[in-house]
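S.K.: To be precise about what I am sending: the file is called data-v8.csv and holds CSV, C-alpha atoms.
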chain,number,residue,atom,x,y,z
A,29,ALA,CA,52.4,66.3,54.9
A,30,SER,CA,54.2,69.6,54.6
A,31,PHE,CA,57.5,68.3,56.1
A,32,PRO,CA,58.7,66.6,52.9
A,33,SER,CA,58.0,69.8,50.9
A,34,LEU,CA,60.0,71.8,53.4
A,35,ILE,CA,63.0,69.4,53.1
A,36,LEU,CA,62.8,69.4,49.3
A,37,GLY,CA,62.5,73.2,49.2
A,38,ILE,CA,65.6,73.6,51.3
A,39,PHE,CA,67.4,71.0,49.2
A,40,ALA,CA,66.3,72.7,45.9
A,41,SER,CA,67.4,76.1,47.1
A,42,ILE,CA,70.9,74.8,47.7
A,43,VAL,CA,71.3,72.5,44.7
A,44,LEU,CA,69.3,74.1,41.8
A,45,PRO,CA,70.8,77.0,39.9
A,46,GLU,CA,69.0,80.2,39.2
A,47,SER,CA,67.2,80.5,35.9
A,48,PRO,CA,69.5,81.9,33.2
A,49,HIS,CA,66.6,83.9,31.8
A,50,VAL,CA,66.0,85.6,35.2
A,51,LEU,CA,69.7,86.2,35.6
A,52,ALA,CA,69.8,87.9,32.2
A,53,GLN,CA,66.8,90.0,33.0
A,54,ARG,CA,68.7,91.3,36.1
A,55,GLY,CA,71.8,92.1,34.0
A,56,LYS,CA,73.9,89.2,35.4
A,57,PHE,CA,75.0,87.9,32.0
A,58,ALA,CA,78.2,86.3,33.3
A,59,ALA,CA,76.2,84.3,35.9
A,60,ALA,CA,73.6,83.4,33.2
A,61,ARG,CA,76.5,82.2,30.9
A,62,LYS,CA,77.9,80.0,33.7
A,63,VAL,CA,74.5,78.4,34.3
A,64,LEU,CA,74.0,77.7,30.6
A,65,ALA,CA,77.5,76.2,30.4
A,66,ARG,CA,76.7,73.9,33.3
A,67,MET,CA,73.4,72.8,31.8
A,68,ALA,CA,75.1,72.1,28.4
A,69,ALA,CA,77.8,70.1,30.1
A,70,PHE,CA,75.2,68.0,31.9
A,71,ASN,CA,73.6,67.2,28.6
A,72,GLY,CA,76.9,66.6,26.8
A,73,ARG,CA,76.4,69.6,24.5
A,74,SER,CA,79.2,71.9,25.7
A,75,GLU,CA,80.7,72.6,22.3
A,76,ALA,CA,77.4,73.4,20.6
A,77,ALA,CA,76.3,75.6,23.5
A,78,GLU,CA,79.6,77.5,23.4
A,79,LYS,CA,79.1,78.3,19.8
A,80,SER,CA,75.5,79.5,20.4
A,81,MET,CA,76.5,81.7,23.3
A,82,ARG,CA,79.2,83.4,21.2
A,83,LEU,CA,76.5,84.5,18.9
A,84,CYS,CA,74.9,86.5,21.7
A,85,PRO,CA,77.0,89.7,22.2
A,86,LYS,CA,76.2,90.0,25.9
A,87,LEU,CA,77.1,86.4,26.6
A,88,ALA,CA,80.2,86.6,24.4
A,89,ASP,CA,81.5,89.8,26.1
A,90,CYS,CA,81.7,88.0,29.5
A,91,GLU,CA,83.3,84.8,28.1
A,92,ASP,CA,86.7,85.6,29.6
A,93,ASN,CA,85.4,87.1,32.8
A,94,THR,CA,82.8,85.1,34.7
A,95,ASP,CA,82.9,87.5,37.6
A,96,SER,CA,82.1,90.6,35.6
A,97,ASP,CA,78.6,91.1,37.1
A,98,THR,CA,78.5,94.2,39.3
A,99,GLU,CA,76.0,95.9,41.4
A,100,GLU,CA,75.3,98.3,38.6
A,101,ASP,CA,74.1,95.4,36.5
A,102,GLU,CA,71.2,94.7,38.8
A,103,SER,CA,68.8,96.8,36.7
A,104,VAL,CA,68.5,96.3,33.0
A,105,SER,CA,67.6,99.1,30.6
A,106,SER,CA,64.4,99.0,28.8
A,107,GLU,CA,66.3,98.4,25.6
A,108,ASP,CA,67.9,95.3,27.0
A,109,ASP,CA,64.6,94.1,28.4
A,110,VAL,CA,63.1,94.3,24.9
A,111,GLU,CA,66.0,92.3,23.5
A,112,ILE,CA,65.5,89.5,26.2
A,113,HIS,CA,61.8,89.3,25.6
A,114,ASN,CA,62.2,89.2,21.8
A,115,GLY,CA,60.2,92.4,21.6
A,116,MET,CA,56.9,90.5,22.1
A,117,THR,CA,54.1,91.4,24.4
A,118,TYR,CA,52.0,88.8,26.1
A,119,CYS,CA,49.1,89.4,23.7
A,120,GLU,CA,51.4,88.8,20.8
A,121,LYS,CA,52.6,85.5,22.2
A,122,LEU,CA,48.9,84.5,22.6
A,123,ARG,CA,48.3,85.4,19.0
A,124,ILE,CA,51.0,82.9,18.0
A,125,LEU,CA,49.8,80.2,20.4
A,126,TRP,CA,46.3,80.5,19.1
A,127,GLY,CA,47.1,81.4,15.5
A,128,PRO,CA,46.4,79.2,12.4
A,129,LYS,CA,49.6,77.1,12.8
A,130,LEU,CA,49.3,76.2,16.5
A,131,ARG,CA,45.6,76.7,17.3
A,132,PHE,CA,44.7,73.0,17.0
A,133,THR,CA,47.9,71.9,18.8
A,134,SER,CA,47.4,74.3,21.7
A,135,ALA,CA,43.7,73.4,22.1
A,136,THR,CA,44.4,69.7,22.0
A,137,VAL,CA,47.3,69.8,24.5
A,138,CYS,CA,45.4,72.1,26.8
A,139,ILE,CA,42.4,69.7,26.7
A,140,SER,CA,44.7,66.7,27.2
A,141,CYS,CA,46.3,68.2,30.3
A,142,PHE,CA,42.8,68.9,31.6
A,143,THR,CA,41.8,65.3,31.0
A,144,CYS,CA,45.0,63.8,32.5
A,145,ASN,CA,44.5,65.9,35.7
A,146,PHE,CA,40.8,65.1,35.7
A,147,LEU,CA,41.6,61.3,35.5
A,148,TYR,CA,44.4,61.4,38.1
A,149,TYR,CA,42.8,63.6,40.7
A,150,GLY,CA,39.4,62.2,40.0
A,151,GLY,CA,40.8,58.8,41.1
A,152,VAL,CA,42.5,60.4,44.1
A,153,TYR,CA,39.2,61.9,45.2
A,154,SER,CA,36.8,59.1,44.4
A,155,PHE,CA,38.5,55.9,45.4
A,156,PRO,CA,38.7,56.6,49.2
A,157,GLN,CA,35.0,57.0,49.1
A,158,ILE,CA,34.3,54.1,46.7
A,159,LEU,CA,36.5,51.3,48.1
A,160,PRO,CA,34.8,50.9,51.5
A,161,HIS,CA,31.5,50.0,49.7
A,162,LEU,CA,33.0,47.4,47.3
A,163,PRO,CA,33.1,43.7,48.1
A,164,LEU,CA,36.8,43.3,47.5
A,165,LYS,CA,39.0,40.8,49.3
A,166,ILE,CA,41.6,43.4,50.2
A,167,SER,CA,40.7,46.1,52.7
A,168,PRO,CA,40.2,49.7,51.6
A,169,ALA,CA,43.3,50.9,53.4
A,170,ALA,CA,45.4,48.2,51.9
A,171,ASN,CA,44.0,48.9,48.4
A,172,LEU,CA,44.9,52.6,48.7
A,173,PHE,CA,48.4,51.7,49.7
A,174,LEU,CA,48.6,49.2,46.9
A,175,GLY,CA,47.3,51.8,44.5
A,176,ALA,CA,50.0,54.3,45.6
A,177,PHE,CA,52.6,51.6,45.1
A,178,PHE,CA,51.3,50.9,41.6
A,179,GLU,CA,51.6,54.6,40.8
A,180,VAL,CA,55.3,54.4,41.7
A,181,LEU,CA,55.6,51.5,39.3
A,182,GLY,CA,53.7,53.5,36.8
A,183,THR,CA,56.4,56.2,36.9
A,184,PHE,CA,59.0,53.7,35.7
A,185,LEU,CA,56.5,52.3,33.2
A,186,SER,CA,55.9,55.8,31.7
A,187,VAL,CA,59.6,56.3,31.3
A,188,LEU,CA,59.9,53.0,29.5
A,189,ALA,CA,57.0,53.8,27.3
A,190,MET,CA,58.5,57.1,26.3
A,191,ARG,CA,61.8,55.5,25.4
A,192,MET,CA,60.1,52.8,23.3
A,193,SER,CA,57.5,54.9,21.5
A,194,ASP,CA,57.2,58.4,20.1
A,195,ARG,CA,55.1,61.1,21.9
A,196,LYS,CA,51.9,60.5,19.9
A,197,GLY,CA,52.2,56.8,20.4
A,198,ASN,CA,52.5,57.4,24.1
A,199,PHE,CA,49.3,59.4,24.1
A,200,GLN,CA,47.4,56.5,22.5
A,201,ILE,CA,49.0,53.9,24.8
A,202,GLY,CA,48.2,55.9,27.9
A,203,PHE,CA,44.6,56.8,26.9
A,204,GLY,CA,43.9,53.3,25.6
A,205,THR,CA,45.1,51.6,28.8
A,206,GLN,CA,43.1,54.0,30.9
A,207,ILE,CA,39.9,53.3,28.9
A,208,LEU,CA,40.5,49.6,29.1
A,209,SER,CA,41.1,49.7,32.9
A,210,MET,CA,38.0,51.9,33.5
A,211,GLY,CA,36.0,49.6,31.3
A,212,ILE,CA,37.1,46.5,33.3
A,213,PHE,CA,36.3,48.3,36.6
A,214,LEU,CA,32.8,49.3,35.4
A,215,PHE,CA,32.2,45.7,34.2
A,216,GLY,CA,33.0,44.4,37.6
A,217,LEU,CA,30.9,47.1,39.3
A,218,LEU,CA,27.8,46.7,37.2
A,219,MET,CA,27.8,43.0,36.3
A,220,GLN,CA,27.1,40.3,38.9
A,221,THR,CA,29.4,37.5,37.9
A,222,PRO,CA,32.0,35.3,39.7
A,223,LEU,CA,34.7,37.5,38.2
A,224,SER,CA,33.3,40.9,39.3
A,225,ASP,CA,35.5,41.2,42.4
A,226,MET,CA,38.6,40.4,40.3
A,227,ALA,CA,37.5,42.8,37.5
A,228,MET,CA,37.1,45.7,39.9
A,229,GLN,CA,40.5,45.0,41.5
A,230,VAL,CA,42.3,44.7,38.2
A,231,GLY,CA,40.6,47.8,36.8
A,232,PHE,CA,41.5,49.9,39.9
A,233,LEU,CA,45.2,48.8,39.8
A,234,GLY,CA,45.3,49.3,36.0
A,235,MET,CA,44.1,52.9,36.3
A,236,LYS,CA,46.8,53.6,39.0
A,237,LEU,CA,49.5,51.8,37.0
A,238,THR,CA,48.9,53.5,33.6
A,239,ILE,CA,47.7,57.1,34.5
A,240,LEU,CA,51.2,58.5,34.4
A,241,ILE,CA,51.9,57.4,30.8
A,242,PRO,CA,49.6,60.1,29.2
A,243,PHE,CA,50.1,62.5,32.1
A,244,ASN,CA,53.9,62.7,31.8
A,245,ALA,CA,53.9,62.4,28.0
A,246,PHE,CA,51.6,65.5,27.5
A,247,TYR,CA,53.5,67.6,29.9
A,248,ILE,CA,56.8,66.8,28.2
A,249,TYR,CA,55.2,67.4,24.8
A,250,SER,CA,54.0,70.8,25.9
A,251,THR,CA,57.6,71.9,26.6
A,252,GLU,CA,58.8,70.6,23.2
A,253,VAL,CA,56.1,71.6,20.7
A,254,TYR,CA,56.2,75.4,21.0
A,255,PRO,CA,58.9,77.7,19.4
A,256,THR,CA,61.3,79.3,21.8
A,257,ALA,CA,59.6,82.7,21.9
A,258,VAL,CA,56.3,81.3,23.2
A,259,ARG,CA,57.5,78.1,24.9
A,260,ALA,CA,57.1,79.3,28.4
A,261,THR,CA,53.7,80.9,27.7
A,262,GLY,CA,52.4,77.8,25.9
A,263,THR,CA,53.6,75.4,28.6
A,264,ALA,CA,52.1,77.6,31.3
A,265,SER,CA,48.7,77.6,29.5
A,266,CYS,CA,48.7,73.8,29.4
A,267,ILE,CA,49.6,73.6,33.1
A,268,ALA,CA,46.8,76.1,34.0
A,269,CYS,CA,44.3,74.0,32.1
A,270,GLY,CA,45.5,70.9,33.9
A,271,ARG,CA,44.9,72.6,37.3
A,272,ILE,CA,41.4,73.5,36.2
A,273,GLY,CA,40.7,69.8,35.6
A,274,ALA,CA,42.1,68.9,39.0
A,275,ILE,CA,39.8,71.6,40.6
A,276,LEU,CA,36.6,70.5,38.8
A,277,CYS,CA,36.8,66.7,39.1
A,278,PRO,CA,35.5,66.5,42.8
A,279,PHE,CA,32.5,68.6,41.8
A,280,ALA,CA,31.9,66.3,38.8
A,281,TYR,CA,32.1,63.2,40.9
A,282,GLU,CA,29.7,64.5,43.5
A,283,PHE,CA,27.2,65.7,40.9
A,284,LEU,CA,27.3,62.5,38.8
A,285,SER,CA,27.2,60.2,41.8
A,286,HIS,CA,24.3,62.1,43.4
A,287,HIS,CA,22.2,61.8,40.2
A,288,SER,CA,23.2,58.2,39.2
A,289,GLY,CA,20.0,56.8,40.7
A,290,THR,CA,21.7,53.6,41.9
A,291,SER,CA,22.7,52.0,45.2
A,292,LYS,CA,25.6,53.4,47.3
A,293,GLU,CA,28.2,50.8,46.1
A,294,LYS,CA,27.3,51.5,42.4
A,295,GLU,CA,26.6,55.2,42.4
A,296,CYS,CA,30.1,56.0,41.0
A,297,TRP,CA,29.3,54.3,37.7
A,298,SER,CA,28.2,57.5,36.0
A,299,PHE,CA,31.5,59.2,36.9
A,300,PHE,CA,33.6,56.5,35.4
A,301,ALA,CA,31.4,56.3,32.3
A,302,PHE,CA,31.9,60.1,31.9
A,303,LEU,CA,35.7,59.6,32.3
A,304,ILE,CA,35.7,56.9,29.6
A,305,VAL,CA,33.9,59.2,27.1
A,306,LEU,CA,36.1,62.2,28.0
A,307,THR,CA,39.3,60.1,27.5
A,308,ALA,CA,38.0,58.5,24.2
A,309,LEU,CA,37.3,61.9,22.7
A,310,ASN,CA,40.7,63.2,23.8
A,311,ALA,CA,42.4,60.2,22.3
A,312,VAL,CA,40.7,60.9,19.0
A,313,LEU,CA,41.9,64.6,19.1
A,314,ALA,CA,45.5,63.4,19.9
A,315,VAL,CA,45.6,61.3,16.8
A,316,PHE,CA,45.4,64.4,14.6
A,317,LEU,CA,48.2,66.4,16.3
A,318,PRO,CA,50.3,67.6,13.5
A,319,PHE,CA,53.7,67.7,15.2
A,320,GLU,CA,55.9,64.8,16.6
A,321,THR,CA,58.6,66.1,18.9
A,322,LYS,CA,60.6,63.0,20.1
A,323,GLY,CA,64.2,63.2,18.9
A,324,LYS,CA,63.5,66.5,17.1
A,325,LYS,CA,65.4,69.7,17.5
A,326,LEU,CA,63.3,72.3,19.4
A,327,LEU,CA,61.9,75.0,17.2
A,328,GLU,CA,63.4,78.5,17.5
A,329,GLU,CA,60.5,79.9,15.4
A,330,LEU,CA,57.5,78.8,13.4
A,331,GLU,CA,58.4,77.4,10.0
Kindly transcribe the structure held in the file into structure tokens.
M.R.:
Amino acid sequence: ASFPSLILGIFASIVLPESPHVLAQRGKFAAARKVLARMAAFNGRSEAAEKSMRLCPKLADCEDNTDSDTEEDESVSSEDDVEIHNGMTYCEKLRILWGPKLRFTSATVCISCFTCNFLYYGGVYSFPQILPHLPLKISPAANLFLGAFFEVLGTFLSVLAMRMSDRKGNFQIGFGTQILSMGIFLFGLLMQTPLSDMAMQVGFLGMKLTILIPFNAFYIYSTEVYPTAVRATGTASCIACGRIGAILCPFAYEFLSHHSGTSKEKECWSFFAFLIVLTALNAVLAVFLPFETKGKKLLEELE
């Protein structure tokens, strides 16, 4: 399992450039300028980026000499460090993130990242335990493989959804399809009908197919909604909340399944009912997000 990560790590170290922010912190402004120019060219914004870089004295000074970084530039003076960090401490950034203008947005996006991770990793943890006890026509191993394949398809579906709809629309599409899929799965699990097997199969694959729609949309939104000065801090806060959701979902599954009071094949019903409620509440919060970011210029500062 670690071998692919090793290969990707080696490949990334060769291909990916260093962060221009880190280069600037180290005093390597010429190298930072070169990386920014490369990124701008990749996005077809070379001319606009060039104008912006000329407004920064340290980047403008090294315009004609991209090899100007020397060993002496390794350490940046405290004055330069303050300039790079916009003179803001971590606490000041948090006051902006949780201030009057961004408080609801930060809370909703953090909760949403928590929910998306709870949904995704809750399924990863629970289905290997649930599928062997379900009367499905496809074997548990084949179902897990099929679920992984549907997640791959869901990646392309999430990209298509983001191209066709705005960010807030994607949130509702993603949460809505997840609620529908979990509802179909629960119907097949709890109701003894000739369609129960098919309902469980459709619900399981529907959850796998659509989970990446809200997952990807919220993570992209978290990188777009915050002004430049606090963007990294805001995005990191959302990612941290997501990881908390991933950590807690196994405990929630075990607790709810243990106290469900039903047979082995149906004990997971309380976990999925909890997921439906959590997702529905999150969908309501997402409706009231005040900012739409698709196609909009990223904010440099709060208006």
S.K.: Quote the spacing between CA of Asp194 in chain A and CA of Thr321 in chain A in Å to one decimal place.
M.R.: 7.9 Å
S.K.: For CA of Ala69 in chain A and CA of Ile38 in chain A, quote the distance in Å rounded to one decimal.
M.R.: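 One can read the CA of Ala69 in chain A to CA of Ile38 in chain A distance as 24.7 Å.
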S.K.: Quick one: residues within 8 Å of range 79-82 of chain A, all atoms listed in the file counted, chain neighbours fewer than 5 positions away excluded, as a ChimeraX atom specification?
M.R.: /A:61,87-88
S.K.: Just give me the gap between CA of Phe302 in chain A and CA of Cys269 in chain A in Å, one decimal is fine.
M.R.: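 That distance, rounded to one decimal, is 18.6 Å.
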S.K.: Using all atoms listed in the file, which of A:Leu218, A:Phe199, A:Glu75, A:Asn145 sits nearest Arg271 in chain A?
M.R.: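 Of all the options, A:Asn145 lies closest to Arg271 in chain A.
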S.K.: For a quick check of your reading of the model, name the residues lying within 10 Å of the coordinate (43.3, 53.4, 20.0), counting all atoms listed in the file, and write them as a list of chain:residue names.
M.R.: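 Counting all atoms listed in the file, I find these residues within 10 Å of (43.3, 53.4, 20.0): A:Gly197, A:Phe199, A:Gln200, A:Ile201, A:Gly202, A:Phe203, A:Gly204, A:Thr205, A:Ile207, A:Ala308, A:Ala311, A:Val312, A:Val315.
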S.K.: Out of A:Ser298, A:Ser224, A:Ser250, A:Asn310, which residue has the shortest atom-to-atom distance to Lys322 in chain A when counting only C-alpha atoms?
M.R.: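 Counting only C-alpha atoms, the residue closest to Lys322 in chain A is A:Ser250.
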S.K.: Range 111-143 of chain A near range 251-265 of chain A within 9 Å: what's each residue's closest atom pair and its distance in Å to one decimal, counting only C-alpha atoms, ordered by chain then ascending residue number, as CSV?
M.R.:
residue,atom,partner,partner_atom,distance
A:His113,CA,A:Ala257,CA,7.9
A:Asn114,CA,A:Ala257,CA,7.0
A:Met116,CA,A:Ala257,CA,8.3
A:Tyr118,CA,A:Thr261,CA,8.2
A:Lys121,CA,A:Val258,CA,5.7
A:Leu122,CA,A:Thr261,CA,7.9
A:Ile124,CA,A:Val258,CA,7.6
A:Leu125,CA,A:Gly262,CA,6.5
A:Leu130,CA,A:Tyr254,CA,8.3
A:Thr133,CA,A:Val253,CA,8.4
A:Ser134,CA,A:Gly262,CA,7.4
A:Cys138,CA,A:Ser265,CA,7.0
S.K.: Selection from above, C-alpha atoms, as a JSON list (two decimals), in the coordinates of the input, can you write it?
M.R.:
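This is the output file out.json:
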[["chain", "number", "residue", "atom", "x", "y", "z"],
["A", 113, "HIS", "CA", 61.80, 89.30, 25.60],
["A", 114, "ASN", "CA", 62.20, 89.20, 21.80],
["A", 116, "MET", "CA", 56.90, 90.50, 22.10],
["A", 118, "TYR", "CA", 52.00, 88.80, 26.10],
["A", 121, "LYS", "CA", 52.60, 85.50, 22.20],
["A", 122, "LEU", "CA", 48.90, 84.50, 22.60],
["A", 124, "ILE", "CA", 51.00, 82.90, 18.00],
["A", 125, "LEU", "CA", 49.80, 80.20, 20.40],
["A", 130, "LEU", "CA", 49.30, 76.20, 16.50],
["A", 133, "THR", "CA", 47.90, 71.90, 18.80],
["A", 134, "SER", "CA", 47.40, 74.30, 21.70],
["A", 138, "CYS", "CA", 45.40, 72.10, 26.80]]
S.K.: When you look at Ala169 in chain A with a cut-off of 10 Å (counting only C-alpha atoms), what residues show up, excluding the ones that are within fewer than 5 positions of it in the same chain? I need them as a list of chain:residue names.
M.R.: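 What passes the distance filter is A:Pro156, A:Leu159, A:Pro160, A:Leu174, A:Gly175.
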S.K.: Smallest atom-to-atom distance to Tyr149 in chain A: which of A:Val180, A:Ala58, A:Leu303, A:Met67, using only C-alpha atoms?
M.R.: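 When distances to Tyr149 in chain A are compared using only C-alpha atoms, the smallest one comes from A:Leu303.
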S.K.: Kindly provide, as a list in words, the polymer residues lying within 12 Å of (33.1, 51.7, 50.1), counting all atoms listed in the file and using the coordinates exactly as they appear in the file.
M.R.: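 Checked against the point, the hits come out as Ser154, Phe155, Pro156, Gln157, Ile158, Leu159, Pro160, His161, Leu162, Pro163, Leu164, Ile166, Ser167, Pro168, Ala169, Asn171, Leu172, Leu217, Ser291, Lys292, Glu293, Lys294, Glu295 and Cys296 of chain A.
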S.K.: Rank nothing, just name the residue among A:Cys141, A:Arg195, A:Phe299, A:Cys266 nearest to Glu282 in chain A, using all atoms listed in the file.
M.R.: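 Closest to Glu282 in chain A of all the choices is A:Phe299.
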S.K.: Counting all atoms listed in the file, which residue out of A:Gly37, A:Gly211, A:Gly151, A:Gly182 sits closest to Val305 in chain A?
M.R.: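 Smallest distance to Val305 in chain A is found for A:Gly211.
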